[in-house]
file query16.txt (compact mmCIF, C-alpha atoms)
# COMPACT_ATOMS: atom_id res chain seq x y z
CA MET M 1 16.04 -49.75 30.62
CA THR M 2 18.29 -49.05 33.60
CA LYS M 3 19.38 -45.49 34.29
CA LYS M 4 22.94 -46.47 33.38
CA ALA M 5 21.82 -47.80 30.01
CA ILE M 6 19.75 -44.67 29.44
CA ALA M 7 22.76 -42.55 30.30
CA CYS M 8 24.81 -44.37 27.68
CA VAL M 9 22.34 -43.91 24.86
CA ALA M 10 21.63 -40.33 25.84
CA PHE M 11 25.22 -39.28 25.47
CA ALA M 12 24.51 -39.33 21.79
CA PHE M 13 25.25 -35.77 20.97
CA ALA M 14 28.43 -35.97 22.95
CA SER M 15 29.53 -38.69 20.55
CA ALA M 16 28.24 -36.64 17.70
CA THR M 17 30.84 -33.88 17.76
CA SER M 18 34.48 -33.81 16.85
CA ALA M 19 36.92 -32.08 14.62
CA VAL M 20 37.17 -31.38 10.94
CA HIS M 21 38.54 -34.38 9.12
CA ALA M 22 41.36 -33.61 6.73
CA GLY M 23 39.74 -32.87 3.40
CA THR M 24 36.18 -33.57 4.46
CA PRO M 25 33.43 -30.97 4.20
CA SER M 26 31.82 -32.10 7.46
CA GLU M 27 32.51 -29.87 10.44
CA LEU M 28 31.39 -32.76 12.62
CA GLN M 29 33.53 -35.82 12.07
CA PRO M 30 31.52 -38.48 10.21
CA GLY M 31 30.40 -41.51 12.20
CA LEU M 32 30.72 -40.13 15.71
CA THR M 33 27.07 -40.66 16.64
CA THR M 34 27.28 -44.35 15.75
CA GLY M 35 26.88 -46.72 18.68
CA ILE M 36 24.75 -44.39 20.76
CA ALA M 37 20.99 -43.91 20.53
CA LEU M 38 20.78 -40.20 19.90
CA GLY M 39 17.00 -40.30 19.64
CA ALA M 40 16.72 -41.51 23.25
CA ALA M 41 18.56 -38.60 24.84
CA GLY M 42 15.28 -37.41 26.37
CA GLN M 43 15.21 -40.52 28.60
CA LEU M 44 18.28 -39.34 30.49
CA PRO M 45 17.20 -38.46 34.06
CA PRO M 46 17.63 -34.79 35.00
CA GLY M 47 21.25 -34.15 35.87
CA VAL M 48 24.70 -33.36 34.50
CA TYR M 49 26.65 -35.91 32.46
CA ASP M 50 30.01 -36.18 30.76
CA VAL M 51 31.49 -38.17 27.93
CA VAL M 52 35.08 -38.59 26.79
CA ILE M 53 35.54 -39.46 23.12
CA GLY M 54 38.67 -40.42 21.24
CA ASN M 55 39.45 -41.74 17.78
CA TYR M 56 42.45 -42.23 15.54
CA GLY M 57 42.77 -43.35 11.94
CA SER M 58 44.65 -43.18 8.66
CA ARG M 59 43.65 -42.68 5.05
CA ASN M 60 45.95 -44.26 2.49
CA SER M 61 45.58 -42.03 -0.53
CA SER M 62 47.38 -42.23 -3.85
CA PRO M 63 50.07 -41.76 -4.81
CA GLY M 64 51.56 -43.08 -1.59
CA ASN M 65 50.25 -40.46 0.83
CA ILE M 66 49.02 -41.28 4.33
CA ASP M 67 46.83 -38.82 6.23
CA ASP M 68 46.69 -39.51 9.99
CA LEU M 69 43.97 -37.89 12.10
CA GLY M 70 43.38 -38.16 15.82
CA ALA M 71 40.60 -36.34 17.68
CA VAL M 72 39.69 -36.17 21.37
CA VAL M 73 36.73 -34.58 23.12
CA PRO M 74 38.21 -34.21 26.63
CA SER M 75 34.87 -33.31 28.19
CA TRP M 76 31.44 -33.04 26.63
CA LEU M 77 29.07 -31.67 29.23
CA ILE M 78 25.36 -32.47 28.92
CA TRP M 79 22.61 -30.98 31.06
CA SER M 80 19.36 -32.91 31.03
CA THR M 81 16.96 -30.31 32.39
CA PRO M 82 13.80 -30.99 34.42
CA TRP M 83 11.78 -29.09 31.80
CA THR M 84 9.68 -30.41 28.94
CA ILE M 85 8.19 -28.71 25.88
CA ALA M 86 5.17 -30.36 24.25
CA GLY M 87 6.08 -33.53 26.11
CA GLY M 88 9.68 -33.57 24.93
CA ARG M 89 12.68 -33.38 27.27
CA LEU M 90 14.89 -30.27 26.90
CA LEU M 91 18.67 -30.75 27.04
CA PHE M 92 21.67 -28.47 26.57
CA ASP M 93 25.27 -29.44 25.86
CA THR M 94 28.64 -28.06 24.82
CA ALA M 95 32.07 -29.36 23.81
CA THR M 96 35.37 -28.35 22.25
CA PRO M 97 37.35 -31.09 20.46
CA TYR M 98 41.13 -31.32 20.25
CA VAL M 99 42.58 -32.41 16.90
CA ASP M 100 45.93 -33.71 15.72
CA LEU M 101 46.51 -34.02 11.96
CA ALA M 102 49.60 -35.25 10.12
CA VAL M 103 50.12 -35.66 6.38
CA LYS M 104 52.99 -37.79 5.09
CA ASP M 105 55.71 -35.53 3.64
CA GLY M 106 53.38 -32.63 4.40
CA PRO M 107 52.17 -30.41 7.22
CA SER M 108 51.32 -31.45 10.75
CA MET M 109 48.98 -29.42 12.92
CA SER M 110 47.07 -29.68 16.17
CA GLY M 111 44.88 -27.61 18.47
CA PHE M 112 41.35 -27.07 19.71
CA ALA M 113 38.73 -26.84 16.96
CA ASN M 114 35.39 -25.04 16.97
CA THR M 115 33.30 -25.02 20.16
CA ILE M 116 29.65 -25.97 19.74
CA PHE M 117 26.64 -25.01 21.86
CA ASP M 118 23.59 -27.18 21.30
CA ALA M 119 19.97 -27.60 22.42
CA GLN M 120 17.96 -30.83 22.14
CA LEU M 121 14.27 -31.73 22.34
CA LYS M 122 13.57 -35.48 22.49
CA TRP M 123 10.35 -37.53 22.91
CA ASP M 124 9.27 -40.99 24.00
CA LEU M 125 7.24 -42.05 20.94
CA GLY M 126 5.98 -45.29 22.48
CA GLY M 127 6.55 -48.94 21.57
CA GLY M 128 10.28 -48.69 22.17
CA PHE M 129 10.73 -45.77 19.75
CA TYR M 130 12.36 -42.47 20.72
CA GLY M 131 13.22 -39.47 18.61
CA GLY M 132 13.56 -35.76 18.25
CA PHE M 133 15.58 -32.86 16.99
CA GLN M 134 18.49 -30.71 18.03
CA ALA M 135 20.28 -27.64 16.74
CA GLY M 136 23.61 -26.06 17.54
CA VAL M 137 25.99 -23.28 16.60
CA TYR M 138 29.73 -23.63 16.04
CA LEU M 139 31.72 -20.61 17.20
CA PRO M 140 34.60 -19.28 15.07
CA SER M 141 38.07 -20.67 15.74
CA ARG M 142 41.37 -19.25 14.52
CA THR M 143 43.42 -22.34 15.28
CA ALA M 144 45.09 -24.31 12.50
CA VAL M 145 42.44 -27.06 12.74
CA GLY M 146 39.39 -24.83 13.16
CA ARG M 147 37.24 -22.66 10.91
CA ASP M 148 37.11 -18.91 11.46
CA LEU M 149 33.38 -18.69 10.87
CA THR M 150 30.06 -19.24 12.60
CA SER M 151 28.06 -22.19 11.29
CA PHE M 152 24.83 -24.05 12.06
CA GLN M 153 24.20 -27.75 12.66
CA GLY M 154 20.85 -29.55 12.84
CA ILE M 155 20.10 -33.20 13.66
CA ALA M 156 17.06 -35.45 13.34
CA ALA M 157 17.42 -38.68 15.33
CA LEU M 158 15.33 -41.83 15.73
CA SER M 159 16.06 -44.81 18.00
CA TYR M 160 14.44 -48.15 18.79
CA LEU M 161 15.38 -49.55 22.19
CA LYS M 162 13.70 -52.77 23.28
CA ASP M 163 14.76 -56.25 24.42
CA GLY M 164 18.38 -55.12 24.48
CA TRP M 165 18.35 -53.79 20.92
CA ASN M 166 19.67 -50.41 19.86
CA LEU M 167 18.61 -49.59 16.31
CA SER M 168 19.38 -45.94 15.68
CA THR M 169 19.86 -43.43 12.90
CA SER M 170 21.02 -39.83 12.94
CA VAL M 171 20.69 -37.46 9.98
CA ILE M 172 22.99 -34.47 10.47
CA TYR M 173 23.09 -31.32 8.34
CA GLY M 174 25.62 -28.50 8.62
CA THR M 175 26.19 -25.20 6.88
CA GLY M 176 29.40 -24.01 5.31
CA GLY M 177 30.78 -20.58 4.52
CA THR M 178 33.99 -18.80 3.61
CA ALA M 179 36.93 -18.36 5.97
CA GLY M 180 40.57 -17.57 5.27
CA GLY M 181 39.94 -17.63 1.55
CA VAL M 182 38.55 -21.18 1.73
CA ASP M 183 34.98 -21.99 0.69
CA TYR M 184 33.30 -24.65 2.84
CA SER M 185 30.20 -26.31 1.41
CA ASP M 186 27.10 -27.40 3.28
CA TRP M 187 27.34 -31.05 4.31
CA LEU M 188 25.31 -34.11 5.31
CA ASN M 189 26.17 -37.08 7.55
CA ILE M 190 24.03 -40.20 8.11
CA ASP M 191 24.99 -42.51 10.99
CA LEU M 192 23.51 -46.00 11.55
CA THR M 193 23.69 -48.37 14.53
CA ALA M 194 22.47 -51.95 15.08
CA THR M 195 23.60 -53.51 18.37
CA ARG M 196 22.24 -55.77 21.11
CA LYS M 197 23.13 -56.13 24.78
CA PHE M 198 23.98 -59.49 26.37
CA GLY M 199 24.22 -58.79 30.07
CA PRO M 200 26.87 -56.08 30.47
CA TRP M 201 28.19 -56.72 26.94
CA GLU M 202 27.03 -54.94 23.80
CA LEU M 203 27.76 -56.31 20.31
CA GLY M 204 26.80 -55.16 16.85
CA ALA M 205 27.67 -53.11 13.81
CA VAL M 206 27.82 -49.45 12.82
CA ALA M 207 27.92 -47.60 9.51
CA PHE M 208 28.07 -44.02 8.32
CA TYR M 209 27.83 -42.00 5.13
CA SER M 210 29.03 -38.44 4.58
CA THR M 211 28.93 -36.05 1.63
CA ASP M 212 29.18 -32.39 0.82
CA LEU M 213 26.23 -30.60 -0.76
CA GLY M 214 26.28 -28.40 -3.82
CA ALA M 215 29.84 -29.12 -4.88
CA ARG M 216 30.32 -30.26 -8.48
CA ASP M 217 33.27 -32.51 -7.66
CA GLY M 218 32.41 -33.32 -4.08
CA LEU M 219 33.70 -35.68 -1.44
CA SER M 220 31.72 -38.62 -0.08
CA GLN M 221 32.37 -41.87 1.79
CA LEU M 222 30.62 -44.92 3.20
CA ALA M 223 32.19 -46.87 6.07
CA LEU M 224 31.14 -49.75 8.31
CA GLY M 225 32.50 -52.02 11.02
CA PRO M 226 31.93 -53.78 14.37
CA LEU M 227 31.16 -52.36 17.81
CA VAL M 228 31.93 -53.92 21.22
CA GLY M 229 30.71 -52.29 24.43
CA TYR M 230 30.76 -53.05 28.16
CA ASP M 231 28.80 -51.60 31.08
CA PHE M 232 31.17 -51.29 34.07
CA GLY M 233 28.46 -49.89 36.29
CA SER M 234 29.99 -46.47 36.90
CA ALA M 235 30.83 -45.97 33.22
CA ILE M 236 29.94 -47.43 29.83
CA VAL M 237 32.68 -48.00 27.25
CA GLN M 238 32.15 -48.59 23.51
CA LEU M 239 34.88 -49.54 21.04
CA LYS M 240 34.41 -49.19 17.26
CA LEU M 241 36.52 -50.04 14.23
CA THR M 242 35.40 -48.82 10.79
CA ARG M 243 36.75 -49.01 7.26
CA ASP M 244 35.62 -47.20 4.12
CA VAL M 245 33.92 -49.48 1.61
CA TYR M 246 33.25 -46.61 -0.80
CA GLU M 247 34.84 -43.20 -1.31
CA ARG M 248 34.70 -40.45 -3.91
CA GLY M 249 37.27 -37.69 -4.16
CA TYR M 250 39.50 -38.84 -1.30
CA GLU M 251 41.64 -41.15 -3.46
CA GLY M 252 42.02 -43.54 -0.55
CA HIS M 253 40.14 -45.48 2.13
CA ASP M 254 40.05 -44.50 5.81
CA THR M 255 40.47 -47.00 8.68
CA ARG M 256 39.50 -45.64 12.12
CA ALA M 257 39.36 -46.87 15.72
CA ALA M 258 37.19 -45.00 18.23
CA VAL M 259 36.16 -45.14 21.89
CA ASN M 260 33.25 -43.55 23.79
CA ILE M 261 33.36 -43.41 27.61
CA SER M 262 30.18 -42.07 29.21
CA PHE M 263 29.34 -41.49 32.86
CA PRO M 264 27.06 -39.36 35.03
CA ILE M 265 28.49 -36.48 37.08
CA TRP M 266 25.43 -35.43 39.06
CA VAL M 267 22.09 -37.21 38.89
CA GLY M 268 19.03 -37.17 41.11
CA ASP M 269 16.10 -35.14 42.33
CA ARG M 270 18.36 -32.89 44.41
CA CYS M 271 20.32 -31.98 41.30
CA CYS M 272 17.59 -30.54 39.15
CA GLU M 273 14.39 -30.59 41.16
CA LYS M 274 11.75 -28.01 40.38
CA ARG M 275 11.66 -25.10 42.83
call {"tool": "encode", "arguments": {"input": "query16.txt", "output": "structure tokens"}}
result
Amino acid sequence: MTKKAIACVAFAFASATSAVHAGTPSELQPGLTTGIALGAAGQLPPGVYDVVIGNYGSRNSSPGNIDDLGAVVPSWLIWSTPWTIAGGRLLFDTATPYVDLAVKDGPSMSGFANTIFDAQLKWDLGGGFYGGFQAGVYLPSRTAVGRDLTSFQGIAALSYLKDGWNLSTSVIYGTGGTAGGVDYSDWLNIDLTATRKFGPWELGAVAFYSTDLGARDGLSQLALGPLVGYDFGSAIVQLKLTRDVYERGYEGHDTRAAVNISFPIWVGDRCCEKR
């Protein structure tokens, strides 16, 4: 793999964070790790990287309501350190998403949601397989789109990268709590990616499933759709379009377009060399 390709797949956690979807239990927006090989983050050369993420979509719910949600991560900073633990690469990252939510004939709100601080440990498992774990903490937010509580998020990720293929899965668990008189349940997201590169082009499909945990009448959804990506050399761009094929509790299907733009800020031995 080229360093640019590694940089793209290693921006996984950057793609993995966003805002609270209207009505969803997930504090991390479902499906945002799709398209990027989260398990291969440890292959990112030591340095500092950034990713810009944006998505917008609508859920047509009965009777006649339309919920529009847009979310942007203006800057997700990732530090791939020169340090390893038990052979796994140590990384740190942080981001704060901006959210805009509008409900037909209802409220509209926008603002920065909860900031997350995260640590990753990722291994080269051999034979084209990469994987590892990461854990992060969301800080309380008193904005209209945030949650005024501290919560935990953990991820297990596995990726297969060989002969241009990116076959990846991310299993993401988050805790809930009570804030502002609202009870938030624990939640689970599962993101899936199957793409292949053809020169600078990347083509394939993505899918994701999300559900709350422990709720008697919970919310869940399953969505899938195509992905098209292009390596411009200095940056890698991925475009996704997904549509719910199953939902429970939402009373409507969500259609969402998303973009990931990843690029290195500072890479090389001079950046993070051991002293």
call {"tool": "atom_distance", "arguments": {"input": "query16.txt", "atom1": "CA of Gly35 (chain M)", "atom2": "CA of Glu247 (chain M)"}}
result
21.8 Å
call {"tool": "residues_near_point", "arguments": {"input": "query16.txt", "point": "(16.5, -37.7, 15.6)", "cutoff": "12 Å", "atoms": "only C-alpha atoms", "output": "ChimeraX atom specification"}}
result
/M:10,12-13,16,33,36-42,120-125,129-135,154-160,168-173,190-192
call {"tool": "residues_around", "arguments": {"input": "query16.txt", "residues": "Val228 (chain M)", "least_positions_apart": "4", "cutoff": "8 Å", "atoms": "only C-alpha atoms", "output": "list in words"}}
result
Trp201, Glu202, Leu203, Gly204, Gln238, Leu239 and Lys240 of chain M
call {"tool": "residues_around", "arguments": {"input": "query16.txt", "residues": "Asp163 (chain M)", "least_positions_apart": "3", "cutoff": "12 Å", "atoms": "all atoms listed in the file", "output": "list in words"}}
result
Met1, Gly127, Gly128, Tyr160, Asn166, Leu167, Thr195, Arg196, Lys197, Phe198 and Gly199 of chain M
call {"tool": "closest_atom_pairs", "arguments": {"input": "query16.txt", "of": "region 94-190 of chain M", "to": "region 206-212 of chain M", "cutoff": "6 Å", "atoms": "only C-alpha atoms", "output": "tab-separated table"}}
result
residue	atom	partner	partner_atom	distance
M:Asp186	CA	M:Asp212	CA	5.9
M:Trp187	CA	M:Asp212	CA	4.2
M:Leu188	CA	M:Thr211	CA	5.5
M:Asn189	CA	M:Ser210	CA	4.3
M:Ile190	CA	M:Tyr209	CA	5.2
call {"tool": "closest_residue", "arguments": {"input": "query16.txt", "among": "M:Phe152, M:Tyr49, M:Tyr56, M:Phe92", "to": "Thr242 (chain M)", "atoms": "only C-alpha atoms"}}
result
M:Tyr56
call {"tool": "atom_distance", "arguments": {"input": "query16.txt", "atom1": "CA of Glu27 (chain M)", "atom2": "CA of Val145 (chain M)"}}
result
10.6 Å
call {"tool": "closest_residue", "arguments": {"input": "query16.txt", "among": "M:Ala95, M:Val73, M:Leu101, M:Leu28", "to": "Ile261 (chain M)", "atoms": "all atoms listed in the file"}}
result
M:Val73
call {"tool": "residues_near_point", "arguments": {"input": "query16.txt", "point": "(34.4, -22.3, 8.2)", "cutoff": "10 Å", "atoms": "all atoms listed in the file", "output": "list in words"}}
result
Val20, Pro25, Glu27, Asn114, Tyr138, Leu139, Pro140, Ser141, Arg142, Gly146, Arg147, Asp148, Leu149, Thr150, Ser151, Thr175, Gly176, Gly177, Thr178, Ala179, Gly180, Gly181, Val182, Asp183, Tyr184 and Ser185 of chain M
call {"tool": "atom_distance", "arguments": {"input": "query16.txt", "atom1": "CA of Ile53 (chain M)", "atom2": "CA of Val72 (chain M)"}}
result
5.6 Å
call {"tool": "axis_aligned_box", "arguments": {"input": "query16.txt", "around": "region 187-197 of chain M", "padding_each_side": "8 Å", "output": "JSON"}}
result
{"center_x": 24.8, "center_y": -43.6, "center_z": 14.5, "size_x": 21.1, "size_y": 41.1, "size_z": 36.5}
call {"tool": "build_atoms", "arguments": {"input": "query16.txt", "residues": "region 136-164 of chain M", "atoms": "N, CA and C atoms", "output": "PDB file, in the coordinates of the input"}}
result
ATOM      1  N   GLY M 136      22.475 -26.668  16.862  1.00  0.00           N
ATOM      2  CA  GLY M 136      23.610 -26.060  17.540  1.00  0.00           C
ATOM      3  C   GLY M 136      24.340 -25.078  16.662  1.00  0.00           C
ATOM      4  N   VAL M 137      25.192 -24.289  17.294  1.00  0.00           N
ATOM      5  CA  VAL M 137      25.990 -23.280  16.600  1.00  0.00           C
ATOM      6  C   VAL M 137      27.463 -23.501  16.925  1.00  0.00           C
ATOM      7  N   TYR M 138      28.285 -23.591  15.882  1.00  0.00           N
ATOM      8  CA  TYR M 138      29.730 -23.630  16.040  1.00  0.00           C
ATOM      9  C   TYR M 138      30.268 -22.207  16.097  1.00  0.00           C
ATOM     10  N   LEU M 139      31.096 -21.917  17.092  1.00  0.00           N
ATOM     11  CA  LEU M 139      31.720 -20.610  17.200  1.00  0.00           C
ATOM     12  C   LEU M 139      32.994 -20.558  16.365  1.00  0.00           C
ATOM     13  N   PRO M 140      33.374 -19.379  15.868  1.00  0.00           N
ATOM     14  CA  PRO M 140      34.600 -19.280  15.070  1.00  0.00           C
ATOM     15  C   PRO M 140      35.835 -19.704  15.853  1.00  0.00           C
ATOM     16  N   SER M 141      36.797 -20.280  15.148  1.00  0.00           N
ATOM     17  CA  SER M 141      38.070 -20.670  15.740  1.00  0.00           C
ATOM     18  C   SER M 141      39.196 -20.286  14.795  1.00  0.00           C
ATOM     19  N   ARG M 142      40.230 -19.672  15.336  1.00  0.00           N
ATOM     20  CA  ARG M 142      41.370 -19.250  14.520  1.00  0.00           C
ATOM     21  C   ARG M 142      42.560 -20.178  14.660  1.00  0.00           C
ATOM     22  N   THR M 143      42.342 -21.370  15.203  1.00  0.00           N
ATOM     23  CA  THR M 143      43.420 -22.340  15.280  1.00  0.00           C
ATOM     24  C   THR M 143      43.650 -22.971  13.911  1.00  0.00           C
ATOM     25  N   ALA M 144      44.755 -23.700  13.785  1.00  0.00           N
ATOM     26  CA  ALA M 144      45.090 -24.310  12.500  1.00  0.00           C
ATOM     27  C   ALA M 144      44.095 -25.378  12.088  1.00  0.00           C
ATOM     28  N   VAL M 145      43.377 -25.970  13.043  1.00  0.00           N
ATOM     29  CA  VAL M 145      42.440 -27.060  12.740  1.00  0.00           C
ATOM     30  C   VAL M 145      40.990 -26.596  12.786  1.00  0.00           C
ATOM     31  N   GLY M 146      40.744 -25.334  13.076  1.00  0.00           N
ATOM     32  CA  GLY M 146      39.390 -24.830  13.160  1.00  0.00           C
ATOM     33  C   GLY M 146      38.983 -24.021  11.944  1.00  0.00           C
ATOM     34  N   ARG M 147      37.758 -23.520  11.970  1.00  0.00           N
ATOM     35  CA  ARG M 147      37.240 -22.660  10.910  1.00  0.00           C
ATOM     36  C   ARG M 147      36.869 -21.308  11.525  1.00  0.00           C
ATOM     37  N   ASP M 148      37.366 -20.247  10.931  1.00  0.00           N
ATOM     38  CA  ASP M 148      37.110 -18.910  11.460  1.00  0.00           C
ATOM     39  C   ASP M 148      35.784 -18.382  10.928  1.00  0.00           C
ATOM     40  N   LEU M 149      34.717 -19.095  11.264  1.00  0.00           N
ATOM     41  CA  LEU M 149      33.380 -18.690  10.870  1.00  0.00           C
ATOM     42  C   LEU M 149      32.357 -19.300  11.818  1.00  0.00           C
ATOM     43  N   THR M 150      31.178 -18.714  11.831  1.00  0.00           N
ATOM     44  CA  THR M 150      30.060 -19.240  12.600  1.00  0.00           C
ATOM     45  C   THR M 150      29.197 -20.095  11.686  1.00  0.00           C
ATOM     46  N   SER M 151      28.851 -21.297  12.118  1.00  0.00           N
ATOM     47  CA  SER M 151      28.060 -22.190  11.290  1.00  0.00           C
ATOM     48  C   SER M 151      26.981 -22.871  12.121  1.00  0.00           C
ATOM     49  N   PHE M 152      25.992 -23.437  11.429  1.00  0.00           N
ATOM     50  CA  PHE M 152      24.830 -24.050  12.060  1.00  0.00           C
ATOM     51  C   PHE M 152      24.845 -25.554  11.823  1.00  0.00           C
ATOM     52  N   GLN M 153      24.341 -26.303  12.796  1.00  0.00           N
ATOM     53  CA  GLN M 153      24.200 -27.750  12.660  1.00  0.00           C
ATOM     54  C   GLN M 153      22.837 -28.196  13.188  1.00  0.00           C
ATOM     55  N   GLY M 154      22.138 -29.010  12.423  1.00  0.00           N
ATOM     56  CA  GLY M 154      20.850 -29.550  12.840  1.00  0.00           C
ATOM     57  C   GLY M 154      20.845 -31.060  12.715  1.00  0.00           C
ATOM     58  N   ILE M 155      20.127 -31.733  13.632  1.00  0.00           N
ATOM     59  CA  ILE M 155      20.100 -33.200  13.660  1.00  0.00           C
ATOM     60  C   ILE M 155      18.674 -33.679  13.870  1.00  0.00           C
ATOM     61  N   ALA M 156      18.283 -34.691  13.099  1.00  0.00           N
ATOM     62  CA  ALA M 156      17.060 -35.450  13.340  1.00  0.00           C
ATOM     63  C   ALA M 156      17.478 -36.868  13.700  1.00  0.00           C
ATOM     64  N   ALA M 157      16.975 -37.377  14.838  1.00  0.00           N
ATOM     65  CA  ALA M 157      17.420 -38.680  15.330  1.00  0.00           C
ATOM     66  C   ALA M 157      16.235 -39.552  15.691  1.00  0.00           C
ATOM     67  N   LEU M 158      16.364 -40.845  15.410  1.00  0.00           N
ATOM     68  CA  LEU M 158      15.330 -41.830  15.730  1.00  0.00           C
ATOM     69  C   LEU M 158      16.008 -43.083  16.270  1.00  0.00           C
ATOM     70  N   SER M 159      15.482 -43.612  17.382  1.00  0.00           N
ATOM     71  CA  SER M 159      16.060 -44.810  18.000  1.00  0.00           C
ATOM     72  C   SER M 159      14.963 -45.785  18.398  1.00  0.00           C
ATOM     73  N   TYR M 160      15.298 -47.071  18.285  1.00  0.00           N
ATOM     74  CA  TYR M 160      14.440 -48.150  18.790  1.00  0.00           C
ATOM     75  C   TYR M 160      15.225 -48.901  19.842  1.00  0.00           C
ATOM     76  N   LEU M 161      14.711 -48.890  21.077  1.00  0.00           N
ATOM     77  CA  LEU M 161      15.380 -49.550  22.190  1.00  0.00           C
ATOM     78  C   LEU M 161      14.392 -50.487  22.869  1.00  0.00           C
ATOM     79  N   LYS M 162      14.592 -51.783  22.678  1.00  0.00           N
ATOM     80  CA  LYS M 162      13.700 -52.770  23.280  1.00  0.00           C
ATOM     81  C   LYS M 162      14.380 -54.128  23.244  1.00  0.00           C
ATOM     82  N   ASP M 163      14.195 -54.906  24.331  1.00  0.00           N
ATOM     83  CA  ASP M 163      14.760 -56.250  24.420  1.00  0.00           C
ATOM     84  C   ASP M 163      16.270 -56.253  24.177  1.00  0.00           C
ATOM     85  N   GLY M 164      16.934 -55.204  24.618  1.00  0.00           N
ATOM     86  CA  GLY M 164      18.380 -55.120  24.480  1.00  0.00           C
ATOM     87  C   GLY M 164      18.867 -54.553  23.168  1.00  0.00           C
TER      88      GLY M 164
END
